[in-house]
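**Student:** protein_35.txt is reproduced below (compact mmCIF, C-alpha atoms).
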# COMPACT_ATOMS: atom_id res chain seq x y z
CA MET E 1 20.75 16.84 -31.09
CA THR E 2 17.43 17.89 -32.72
CA ASP E 3 14.37 15.65 -32.35
CA HIS E 4 13.17 16.61 -35.82
CA LEU E 5 15.49 14.19 -37.63
CA MET E 6 14.01 10.89 -38.79
CA LYS E 7 15.26 8.11 -36.56
CA THR E 8 17.09 6.34 -39.37
CA TYR E 9 20.38 6.02 -37.47
CA ALA E 10 21.43 4.72 -34.08
CA ARG E 11 23.80 7.63 -33.72
CA GLN E 12 26.72 7.62 -31.30
CA PRO E 13 26.68 10.35 -28.63
CA ILE E 14 29.29 12.50 -30.29
CA ALA E 15 29.59 15.22 -32.93
CA PHE E 16 32.67 16.71 -34.54
CA THR E 17 33.59 20.31 -35.26
CA HIS E 18 36.72 19.99 -37.40
CA GLY E 19 39.54 17.74 -38.50
CA ASP E 20 43.12 17.73 -39.71
CA GLY E 21 44.62 14.73 -41.51
CA VAL E 22 43.56 11.61 -39.59
CA TRP E 23 42.55 13.58 -36.50
CA MET E 24 39.14 14.97 -35.55
CA TRP E 25 37.93 17.12 -32.67
CA SER E 26 34.52 16.75 -31.03
CA THR E 27 32.27 19.54 -29.83
CA ASP E 28 33.68 19.14 -26.31
CA GLY E 29 37.23 19.58 -27.59
CA LYS E 30 38.36 15.94 -27.36
CA LYS E 31 40.79 14.68 -30.01
CA TYR E 32 40.15 11.41 -31.88
CA LEU E 33 42.19 9.24 -34.25
CA ASP E 34 39.95 8.49 -37.22
CA GLY E 35 40.12 4.81 -38.09
CA LEU E 36 36.98 4.88 -40.23
CA ALA E 37 37.32 7.92 -42.58
CA GLY E 38 33.56 8.45 -42.77
CA ILE E 39 33.20 4.79 -43.86
CA ALA E 40 35.99 4.90 -46.45
CA VAL E 41 35.03 8.34 -47.77
CA ASN E 42 37.75 10.68 -46.48
CA GLY E 43 40.70 9.12 -48.26
CA LEU E 44 42.62 12.39 -48.16
CA GLY E 45 41.84 12.82 -44.48
CA HIS E 46 40.27 15.97 -43.13
CA ASN E 47 40.89 19.52 -44.33
CA HIS E 48 43.43 18.63 -47.02
CA PRO E 49 44.61 22.09 -48.18
CA LYS E 50 44.78 21.25 -51.91
CA LEU E 51 41.30 19.72 -51.91
CA VAL E 52 39.83 22.61 -49.93
CA LYS E 53 41.41 25.10 -52.35
CA ALA E 54 40.08 23.28 -55.43
CA ILE E 55 36.54 23.07 -54.05
CA ALA E 56 36.54 26.69 -52.87
CA GLU E 57 37.76 27.99 -56.22
CA GLN E 58 35.12 26.02 -58.13
CA ALA E 59 32.37 27.10 -55.73
CA GLY E 60 33.31 30.66 -56.56
CA LYS E 61 32.84 30.03 -60.28
CA LEU E 62 30.03 27.50 -60.90
CA ILE E 63 28.41 24.88 -58.65
CA HIS E 64 25.58 23.41 -60.74
CA THR E 65 24.17 23.59 -64.25
CA SER E 66 22.42 20.16 -64.75
CA ASN E 67 23.06 17.53 -67.36
CA LEU E 68 20.97 19.40 -69.91
CA TYR E 69 24.27 21.02 -70.90
CA GLY E 70 27.84 20.03 -71.38
CA ILE E 71 29.93 20.07 -68.19
CA VAL E 72 33.63 20.49 -68.91
CA GLU E 73 34.78 19.25 -65.51
CA GLN E 74 32.57 16.14 -65.80
CA SER E 75 34.08 15.26 -69.17
CA GLN E 76 37.57 15.70 -67.75
CA LEU E 77 36.69 13.41 -64.84
CA ALA E 78 35.29 10.76 -67.19
CA ASP E 79 38.54 10.88 -69.14
CA ARG E 80 40.66 10.46 -66.00
CA LEU E 81 38.57 7.60 -64.61
CA CYS E 82 38.61 5.75 -67.91
CA GLU E 83 42.36 6.32 -68.11
CA ILE E 84 43.08 4.73 -64.71
CA SER E 85 40.48 1.97 -65.01
CA GLY E 86 40.67 0.97 -68.67
CA MET E 87 36.92 1.51 -69.04
CA ASP E 88 35.26 3.26 -72.00
CA GLU E 89 32.52 5.54 -70.63
CA ALA E 90 31.13 6.96 -67.40
CA PHE E 91 27.78 7.91 -65.91
CA PHE E 92 27.83 10.11 -62.81
CA CYS E 93 25.34 10.11 -59.95
CA ASN E 94 25.32 11.03 -56.25
CA SER E 95 26.04 7.89 -54.23
CA GLY E 96 27.12 4.28 -54.25
CA ALA E 97 23.54 3.01 -54.16
CA GLU E 98 22.72 5.10 -57.23
CA ALA E 99 25.84 3.84 -58.99
CA ASN E 100 24.78 0.25 -58.33
CA GLU E 101 21.21 1.04 -59.32
CA ALA E 102 22.61 2.28 -62.64
CA ALA E 103 24.63 -0.93 -63.06
CA ILE E 104 21.55 -3.07 -62.36
CA LYS E 105 19.50 -1.11 -64.88
CA LEU E 106 22.33 -1.35 -67.39
CA ALA E 107 22.45 -5.15 -67.04
CA LYS E 108 18.66 -5.37 -67.41
CA HIS E 109 18.75 -3.21 -70.52
CA TYR E 110 21.70 -5.17 -71.89
CA GLY E 111 19.56 -8.28 -71.70
CA TYR E 112 16.52 -6.48 -73.11
CA LYS E 113 18.48 -5.47 -76.19
CA LYS E 114 19.33 -9.15 -76.69
CA GLY E 115 15.64 -10.08 -76.52
CA ILE E 116 15.50 -11.14 -72.86
CA GLU E 117 12.55 -9.43 -71.18
CA ASN E 118 13.57 -10.10 -67.58
CA ALA E 119 17.32 -10.50 -67.41
CA LYS E 120 18.70 -11.96 -64.18
CA ILE E 121 21.83 -11.00 -62.27
CA ILE E 122 23.93 -13.28 -60.08
CA VAL E 123 24.72 -11.69 -56.71
CA MET E 124 26.63 -12.93 -53.67
CA GLU E 125 25.96 -13.97 -50.13
CA ARG E 126 27.12 -11.31 -47.61
CA ALA E 127 26.98 -8.70 -50.39
CA TRP E 128 26.10 -5.06 -49.71
CA HIS E 129 25.09 -2.87 -52.66
CA GLY E 130 22.86 -0.17 -51.13
CA ARG E 131 19.46 0.74 -49.67
CA THR E 132 17.36 1.67 -52.71
CA LEU E 133 14.78 -1.01 -53.42
CA ALA E 134 16.74 -2.64 -56.24
CA THR E 135 20.12 -2.46 -54.54
CA LEU E 136 18.55 -3.69 -51.31
CA ALA E 137 17.24 -6.69 -53.24
CA ALA E 138 20.78 -7.34 -54.46
CA THR E 139 22.13 -6.95 -50.93
CA ASP E 140 22.33 -9.96 -48.61
CA SER E 141 21.09 -8.50 -45.34
CA PRO E 142 17.80 -9.95 -44.09
CA LYS E 143 17.75 -7.38 -41.26
CA ALA E 144 17.87 -4.44 -43.70
CA LYS E 145 14.98 -5.87 -45.74
CA VAL E 146 12.49 -6.30 -42.90
CA GLY E 147 9.31 -4.30 -43.44
CA PHE E 148 9.73 -3.44 -47.10
CA GLY E 149 7.59 -6.14 -48.61
CA GLU E 150 8.31 -7.63 -51.97
CA LEU E 151 11.52 -6.24 -53.45
CA PRO E 152 12.42 -6.17 -57.16
CA GLY E 153 13.23 -9.63 -58.47
CA GLY E 154 15.71 -10.91 -61.00
CA PHE E 155 18.59 -11.74 -58.65
CA VAL E 156 20.12 -15.19 -58.21
CA ARG E 157 22.18 -15.41 -55.02
CA VAL E 158 25.14 -17.74 -54.66
CA PRO E 159 27.83 -18.26 -51.97
CA TYR E 160 30.75 -15.83 -52.22
CA LYS E 161 33.99 -17.25 -53.66
CA ASN E 162 32.23 -20.44 -54.78
CA PHE E 163 32.74 -20.88 -58.52
CA PRO E 164 30.84 -24.19 -58.89
CA ALA E 165 27.79 -22.45 -57.41
CA ILE E 166 27.91 -19.92 -60.25
CA GLU E 167 28.17 -22.67 -62.83
CA GLN E 168 25.16 -24.38 -61.28
CA ALA E 169 23.18 -21.12 -61.27
CA ALA E 170 24.02 -20.67 -64.95
CA ALA E 171 22.71 -24.12 -65.75
CA GLU E 172 19.44 -23.46 -63.92
CA ASN E 173 18.80 -19.86 -65.11
CA PRO E 174 19.06 -19.26 -68.85
CA ASP E 175 18.12 -15.57 -68.48
CA ILE E 176 21.22 -14.63 -66.48
CA GLN E 177 23.01 -11.73 -68.14
CA ALA E 178 25.40 -10.41 -65.50
CA VAL E 179 27.29 -11.06 -62.28
CA LEU E 180 27.52 -8.32 -59.65
CA LEU E 181 30.03 -8.66 -56.83
CA GLU E 182 32.51 -6.89 -54.60
CA VAL E 183 36.08 -8.14 -54.99
CA LEU E 184 36.54 -7.22 -51.34
CA GLN E 185 33.35 -7.21 -49.30
CA GLY E 186 33.30 -4.32 -46.84
CA GLU E 187 29.96 -4.42 -45.06
CA GLY E 188 30.06 -8.21 -45.42
CA GLY E 189 33.01 -8.45 -43.05
CA ILE E 190 36.20 -7.61 -45.04
CA ASN E 191 36.14 -10.75 -47.19
CA VAL E 192 38.73 -10.89 -49.98
CA ALA E 193 38.07 -12.83 -53.21
CA ASP E 194 41.13 -14.71 -54.47
CA THR E 195 42.72 -14.13 -57.87
CA GLU E 196 41.90 -17.57 -59.30
CA TYR E 197 38.21 -17.17 -58.50
CA LEU E 198 38.01 -13.74 -60.14
CA GLN E 199 39.93 -14.83 -63.22
CA ALA E 200 37.68 -17.88 -63.64
CA LEU E 201 34.64 -15.64 -63.26
CA ARG E 202 35.97 -13.30 -65.96
CA LYS E 203 36.41 -16.22 -68.36
CA LEU E 204 32.93 -17.56 -67.62
CA CYS E 205 31.27 -14.18 -68.18
CA THR E 206 33.05 -13.79 -71.50
CA ALA E 207 32.08 -17.29 -72.59
CA LYS E 208 28.43 -16.77 -71.58
CA GLY E 209 28.11 -13.24 -72.93
CA TRP E 210 27.41 -11.96 -69.41
CA LEU E 211 28.52 -8.64 -67.97
CA LEU E 212 31.05 -8.82 -65.15
CA MET E 213 30.03 -5.96 -62.86
CA ILE E 214 32.26 -5.09 -59.91
CA ASP E 215 31.09 -2.95 -57.03
CA GLU E 216 34.08 -0.81 -56.05
CA VAL E 217 32.05 1.65 -54.00
CA GLN E 218 34.09 0.94 -50.87
CA SER E 219 37.24 -0.71 -52.27
CA GLY E 220 37.84 1.71 -55.17
CA ILE E 221 39.97 4.88 -55.49
CA GLY E 222 43.09 3.52 -53.90
CA ARG E 223 41.83 1.95 -50.71
CA THR E 224 43.29 -1.49 -51.46
CA GLY E 225 46.64 -0.19 -52.72
CA LYS E 226 45.60 0.00 -56.36
CA TRP E 227 43.09 2.36 -57.96
CA PHE E 228 40.56 -0.48 -58.00
CA GLY E 229 40.42 -3.77 -56.14
CA TYR E 230 39.93 -5.86 -59.28
CA GLN E 231 43.33 -4.73 -60.58
CA HIS E 232 44.99 -7.03 -58.02
CA ALA E 233 43.57 -9.97 -60.02
CA GLY E 234 44.64 -8.67 -63.44
CA ILE E 235 41.11 -8.82 -64.84
CA GLU E 236 39.05 -6.32 -66.81
CA PRO E 237 35.39 -5.97 -65.81
CA ASP E 238 32.60 -4.72 -68.06
CA VAL E 239 31.05 -2.46 -65.42
CA ILE E 240 32.44 -0.93 -62.22
CA THR E 241 30.69 1.28 -59.70
CA LEU E 242 32.31 3.94 -57.51
CA ALA E 243 31.41 6.43 -54.80
CA LYS E 244 32.77 6.85 -51.24
CA GLY E 245 36.43 7.84 -51.82
CA LEU E 246 35.86 9.39 -55.22
CA GLY E 247 35.00 12.89 -53.99
CA SER E 248 36.83 12.81 -50.63
CA GLY E 249 33.62 13.75 -48.83
CA VAL E 250 31.82 15.57 -51.62
CA PRO E 251 28.96 13.25 -52.68
CA ILE E 252 29.54 11.66 -56.08
CA GLY E 253 28.98 8.21 -57.55
CA ALA E 254 29.94 6.73 -60.89
CA CYS E 255 29.05 3.77 -63.08
CA LEU E 256 31.77 2.99 -65.63
CA ALA E 257 31.21 0.69 -68.60
CA ALA E 258 33.41 -0.98 -71.19
CA GLY E 259 33.22 -3.46 -74.05
CA PRO E 260 29.72 -4.92 -74.44
CA ALA E 261 28.38 -2.73 -71.62
CA ALA E 262 29.41 0.50 -73.36
CA GLY E 263 26.67 2.12 -75.36
CA VAL E 264 23.84 0.24 -73.63
CA PHE E 265 22.46 3.44 -72.12
CA THR E 266 21.13 5.95 -74.65
CA PRO E 267 19.28 9.26 -74.14
CA GLY E 268 16.22 8.62 -72.00
CA THR E 269 17.21 5.24 -70.54
CA HIS E 270 18.80 6.70 -67.41
CA GLY E 271 19.57 10.08 -65.90
CA THR E 272 20.10 12.33 -62.88
CA THR E 273 19.71 15.98 -61.95
CA PHE E 274 22.72 16.55 -59.71
CA GLY E 275 25.15 13.84 -60.86
CA GLY E 276 28.55 14.94 -62.11
CA GLY E 277 28.06 18.66 -61.59
CA PRO E 278 31.03 21.04 -61.79
CA LEU E 279 31.72 21.15 -58.03
CA VAL E 280 31.70 17.40 -57.38
CA SER E 281 33.66 16.70 -60.55
CA VAL E 282 36.38 19.12 -59.49
CA ALA E 283 36.51 17.44 -56.07
CA ALA E 284 37.02 14.05 -57.72
CA LEU E 285 39.61 15.37 -60.17
CA ALA E 286 41.52 16.96 -57.29
CA THR E 287 41.31 13.72 -55.31
CA ILE E 288 42.89 11.73 -58.14
CA GLN E 289 45.59 14.35 -58.73
CA ILE E 290 46.50 14.61 -55.04
CA MET E 291 46.64 10.84 -54.68
CA GLU E 292 49.09 10.64 -57.58
CA GLU E 293 51.22 13.52 -56.29
CA GLU E 294 51.44 12.00 -52.80
CA GLY E 295 51.89 8.37 -53.90
CA LEU E 296 48.91 7.23 -51.86
CA LEU E 297 48.37 3.90 -53.66
CA ALA E 298 51.65 2.38 -52.53
CA HIS E 299 51.29 4.15 -49.19
CA ALA E 300 47.87 2.59 -48.56
CA GLU E 301 49.31 -0.85 -49.25
CA GLN E 302 52.22 -0.26 -46.87
CA MET E 303 50.10 1.17 -44.07
CA GLY E 304 47.58 -1.65 -44.38
CA GLN E 305 50.34 -4.23 -44.09
CA LEU E 306 51.71 -2.40 -41.06
CA ILE E 307 48.36 -2.29 -39.26
CA ARG E 308 47.65 -5.97 -39.93
CA ALA E 309 51.17 -6.93 -38.82
CA VAL E 310 50.91 -5.01 -35.54
CA LEU E 311 47.47 -6.40 -34.80
CA SER E 312 48.62 -9.93 -35.62
CA ARG E 313 51.63 -9.55 -33.32
CA GLU E 314 49.76 -7.95 -30.44
CA LEU E 315 46.80 -10.36 -30.62
CA ALA E 316 48.79 -13.54 -31.26
CA GLY E 317 47.53 -16.36 -29.07
CA VAL E 318 44.58 -14.35 -27.73
CA ALA E 319 41.54 -16.57 -27.35
CA GLY E 320 38.54 -15.28 -29.27
CA ILE E 321 40.40 -13.99 -32.34
CA LYS E 322 39.13 -15.82 -35.42
CA ASP E 323 41.01 -14.00 -38.19
CA ILE E 324 42.85 -10.80 -39.11
CA ARG E 325 42.56 -10.01 -42.80
CA GLY E 326 42.14 -7.39 -45.49
CA ARG E 327 43.93 -5.65 -48.31
CA GLY E 328 45.44 -2.18 -48.23
CA LEU E 329 43.58 0.03 -45.79
CA MET E 330 40.54 -2.25 -45.54
CA VAL E 331 41.33 -4.21 -42.39
CA GLY E 332 39.11 -6.63 -40.51
CA VAL E 333 39.57 -8.39 -37.17
CA GLU E 334 37.01 -11.16 -36.84
CA LEU E 335 36.15 -12.37 -33.36
CA TRP E 336 34.31 -15.51 -32.40
CA LYS E 337 31.58 -13.45 -30.74
CA PRO E 338 29.60 -10.24 -31.31
CA CYS E 339 31.65 -7.16 -30.47
CA ALA E 340 29.54 -4.05 -31.15
CA GLU E 341 30.48 -2.82 -27.65
CA LEU E 342 34.02 -2.25 -28.89
CA VAL E 343 32.93 0.82 -30.84
CA ALA E 344 32.06 2.70 -27.63
CA ILE E 345 35.07 1.29 -25.76
CA ALA E 346 37.41 2.52 -28.50
CA ARG E 347 35.64 5.87 -28.73
CA ASP E 348 36.19 6.47 -25.02
CA LYS E 349 39.90 5.97 -25.68
CA GLY E 350 39.91 8.41 -28.59
CA LEU E 351 39.68 5.90 -31.46
CA ILE E 352 37.00 5.96 -34.16
CA ILE E 353 36.36 2.42 -35.43
CA ASN E 354 33.44 0.36 -36.69
CA VAL E 355 32.04 -3.14 -36.26
CA THR E 356 30.29 -4.90 -39.14
CA ARG E 357 28.52 -8.26 -39.44
CA ASP E 358 28.25 -8.17 -35.62
CA ASN E 359 31.69 -9.67 -34.98
CA VAL E 360 34.18 -8.00 -37.35
CA VAL E 361 36.11 -4.92 -36.23
CA ARG E 362 36.51 -2.86 -39.39
CA LEU E 363 39.26 -0.30 -39.94
CA LEU E 364 39.12 2.09 -42.92
CA PRO E 365 41.45 4.96 -41.96
CA PRO E 366 42.27 7.82 -44.32
CA LEU E 367 44.83 6.88 -46.98
CA VAL E 368 47.06 9.72 -45.77
CA ILE E 369 47.62 8.05 -42.41
CA LYS E 370 51.28 8.30 -41.39
CA LYS E 371 53.40 5.39 -40.15
CA GLU E 372 53.37 6.52 -36.53
CA GLU E 373 49.61 7.10 -36.70
CA ALA E 374 49.00 3.64 -38.16
CA GLU E 375 51.10 2.12 -35.38
CA THR E 376 49.19 4.14 -32.78
CA LEU E 377 45.83 2.98 -34.19
CA ALA E 378 46.84 -0.70 -34.06
CA MET E 379 48.77 -0.50 -30.79
CA GLU E 380 45.94 1.26 -28.93
CA LEU E 381 43.20 -0.91 -30.41
CA ALA E 382 44.80 -4.31 -29.76
CA PRO E 383 44.70 -4.13 -25.93
CA LEU E 384 41.08 -2.95 -26.07
CA ILE E 385 40.12 -6.03 -28.10
CA LYS E 386 42.13 -8.26 -25.79
CA ALA E 387 40.54 -6.79 -22.65
CA PHE E 388 37.06 -7.07 -24.19
CA LEU E 389 37.58 -10.75 -24.96
CA GLU E 390 39.04 -11.50 -21.51
CA GLN E 391 36.31 -9.59 -19.70
CA SER E 392 33.47 -11.20 -21.62
CA ALA E 393 34.93 -14.73 -21.71
Here is a file; write its structure as C-alpha cells.

**Tutor:**
Amino acid sequence: MTDHLMKTYARQPIAFTHGDGVWMWSTDGKKYLDGLAGIAVNGLGHNHPKLVKAIAEQAGKLIHTSNLYGIVEQSQLADRLCEISGMDEAFFCNSGAEANEAAIKLAKHYGYKKGIENAKIIVMERAWHGRTLATLAATDSPKAKVGFGELPGGFVRVPYKNFPAIEQAAAENPDIQAVLLEVLQGEGGINVADTEYLQALRKLCTAKGWLLMIDEVQSGIGRTGKWFGYQHAGIEPDVITLAKGLGSGVPIGACLAAGPAAGVFTPGTHGTTFGGGPLVSVAALATIQIMEEEGLLAHAEQMGQLIRAVLSRELAGVAGIKDIRGRGLMVGVELWKPCAELVAIARDKGLIINVTRDNVVRLLPPLVIKKEEAETLAMELAPLIKAFLEQSA
C-alpha cells in the first residue's frame, strides 16, 4: 500500500481485485464471502451484469453536466424515489453525510421561515449521521469528536426509544423544530425502534409542527425488507435521507422532503456540483429496477430471518452472547465484551464481517445473497464467535 494516503483509516491487510455476487477475491487469489457489502452499499452484490451494462452505456453517452442544467435521468430518479417513498421532492448529493447535512439545513431553514433564528433538532443517543462538522455534532460518538473543538450547536440529545425524554425536551426547548433519527441504528449497534414509539413520535411531530426526519442512509433501499425502514411502522416522515445502497457502489446521496418540508429549499439555499449527475442517477434507477425484477425486498427479509435463526440456534446457551437482533439484512450479535478481534479471525476463515460499538458483530451482506450462502455465512461465523468467547473467558 502507498504511504502517500492520509492515515484516516485503520485498514485491514487485504485488498480485492474483483467480485461476483456475494463473493470477492483478494490480490493473492483468496476467495471471501462478503458479509458486509461495503458497509451496506453493494446491495446487488458485485459485478451485477444489468447494473454494469446500465453504467457502461451511460458512461458512453454523458457522465456529468452539473445542476446548472436539466438532467433527465435525475428527474426520472426523483420520480421513482417519490413513488416508492410517498415523498414529494428530492435533492441529490454525493454521500450520506451530505444528505444528512441537507436535512439539518432544511430543518434550520424551516424554523427560520417561521421566525425562529436558531431552530433546534432533537437527536438520539448512539446515533450516527456522518463526519461533516454538522452531522458529527448530531452523531453520538465522543471518540469521533475528539480534536475538532466546538461543533455546530442546535442539537438536543435524548435516549433512543424513550418517548417521555422527547416530551421533556420539548417542554424545555421551545425552539425545537425537528427530530432526526434512524429507525434502525446501524453504527449504533443494530438497534431497532419499535412501531409504537415511531407512531407516537409521528403524532407528536405533527402536533408540534416539527419535521420528522428519518436517516435511512444505511437502512434504506430494501435492506430491512421494505424500501425504507420506516415503512415497517406505517408512518410517513417529512424528510428522509438516503445513500449507501442507492447507487449500488456508485456514490450518490439523497434528501427527500414531503408535506411541510417540501418547498423549504429555494434557489440559492442549498446546492452541489456533482450531485445527481447522469451516471449516478442511471446507477440508482437501475438499482431500483433490478431490485423489483428480482424481488429483493421479500428476499432480504427472508434471508435476514434465516441468518438470525441459524445464529440463534448455533449460539443458544453460549455464555457471552447478550442478544441477536436486527431486521432484514441488518443483523447484529451483541456480546458481553469487546470483540474487534473477530474481524481478523473471520477474515482468516474467508468471511468479511464488521464489529461496531466495540461489542456488536454486524452483518450487512448483499441483498442478492442466496439461501445456501446465507446459511454458510451464519454456520461458519457461529463457531468462530463461540471459540472466541470460550478462549477469552

**Student:** Got a sec: who's within 12 Å of range 197-203 of chain E, counting only C-alpha atoms, leaving out chain neighbours fewer than 3 positions off, as number ranges by chain?

**Tutor:** E: 122, 160-167, 170, 178-184, 192-194, 206-214, 229-239

**Student:** To one decimal in Å, tell me the separation between CA of Thr27 in chain E and CA of Gln12 in chain E.

**Tutor:**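 So the two atoms, CA of Thr27 in chain E and CA of Gln12 in chain E, lie 13.2 Å apart.
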
**Student:** Just the number, please: distance in Å from CA of Glu196 in chain E to CA of Pro260 in chain E, one decimal.

**Tutor:**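 That distance, rounded to one decimal, is 23.2 Å.
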
**Student:** What does the distance from CA of Thr195 in chain E to CA of Gln218 in chain E come to in Å, to one decimal?

**Tutor:**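 Pair CA of Thr195 in chain E / CA of Gln218 in chain E returns 18.7 Å.
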
**Student:** Between E:Asn359, E:Gln305, E:Thr135, E:Asn191, single out the one closest to Lys322 in chain E, counting all atoms listed in the file.

**Tutor:**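 Of all the options, E:Asn359 lies closest to Lys322 in chain E.
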
**Student:** Taking into account all atoms listed in the file, which residue in the set E:Ala319, E:Val123, E:Ile84, E:Leu279 is nearest to Gln391 in chain E?

**Tutor:**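 Going through E:Ala319, E:Val123, E:Ile84, E:Leu279 one by one, the smallest distance to Gln391 in chain E is for E:Ala319.
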
**Student:** Edge lengths and centre in Å to one decimal, as JSON, is what I'm after for the box along x, y and z that holds all listed atoms of range 320-325 of chain E once 3 Å is added on each side.

**Tutor:**
{"center_x": 40.7, "center_y": -12.9, "center_z": -36.0, "size_x": 10.3, "size_y": 11.8, "size_z": 19.5}

**Student:** In terms of the shortest atom-to-atom distance over only C-alpha atoms, which of E:Thr65, E:Asn94, E:Asn42, E:Thr272 is closest to Ile252 in chain E?

**Tutor:**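 The shortest atom-to-atom distance to Ile252 in chain E comes from E:Asn94.
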
**Student:** Compile the contact shell of His270 in chain E as a PyMOL selection string: residues with an atom at most 9 Å away, counting all atoms listed in the file, same-chain residues fewer than 4 positions apart removed.

**Tutor:** chain E and resi 102+105-106+265-266

**Student:** For Arg131 in chain E, find every residue with an atom within 10 Å (counting all atoms listed in the file), except residues of its own chain fewer than 6 positions away, and show them as a PDB file with C-alpha atoms, keeping the file's coordinate frame.

**Tutor:**
ATOM      1  CA  GLY E  96      27.120   4.280 -54.250  1.00  0.00           C
ATOM      2  CA  ALA E  97      23.540   3.010 -54.160  1.00  0.00           C
ATOM      3  CA  GLU E  98      22.720   5.100 -57.230  1.00  0.00           C
ATOM      4  CA  GLU E 101      21.210   1.040 -59.320  1.00  0.00           C
ATOM      5  CA  ALA E 137      17.240  -6.690 -53.240  1.00  0.00           C
ATOM      6  CA  ALA E 138      20.780  -7.340 -54.460  1.00  0.00           C
ATOM      7  CA  THR E 139      22.130  -6.950 -50.930  1.00  0.00           C
ATOM      8  CA  ALA E 144      17.870  -4.440 -43.700  1.00  0.00           C
ATOM      9  CA  LYS E 145      14.980  -5.870 -45.740  1.00  0.00           C
TER      10      LYS E 145
END

**Student:** Considering all atoms listed in the file, state which residue in the set E:Leu44, E:Ile240, E:Ile324, E:Leu5 is at the smallest distance from Gly21 in chain E.

**Tutor:**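 Smallest separation from Gly21 in chain E among the options: E:Leu44.
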
**Student:** With a distance cut-off of 7 Å and all atoms listed in the file, select the neighbouring residues of Gly276 in chain E, excluding the residue or stretch itself and same-chain residues fewer than 4 positions from it, and output the selection as a list of chain:residue names.

**Tutor:**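 Contacts, with the query itself left out: E:Gln74, E:Phe92, E:Cys93, E:Ile252, E:Val280, E:Ser281.
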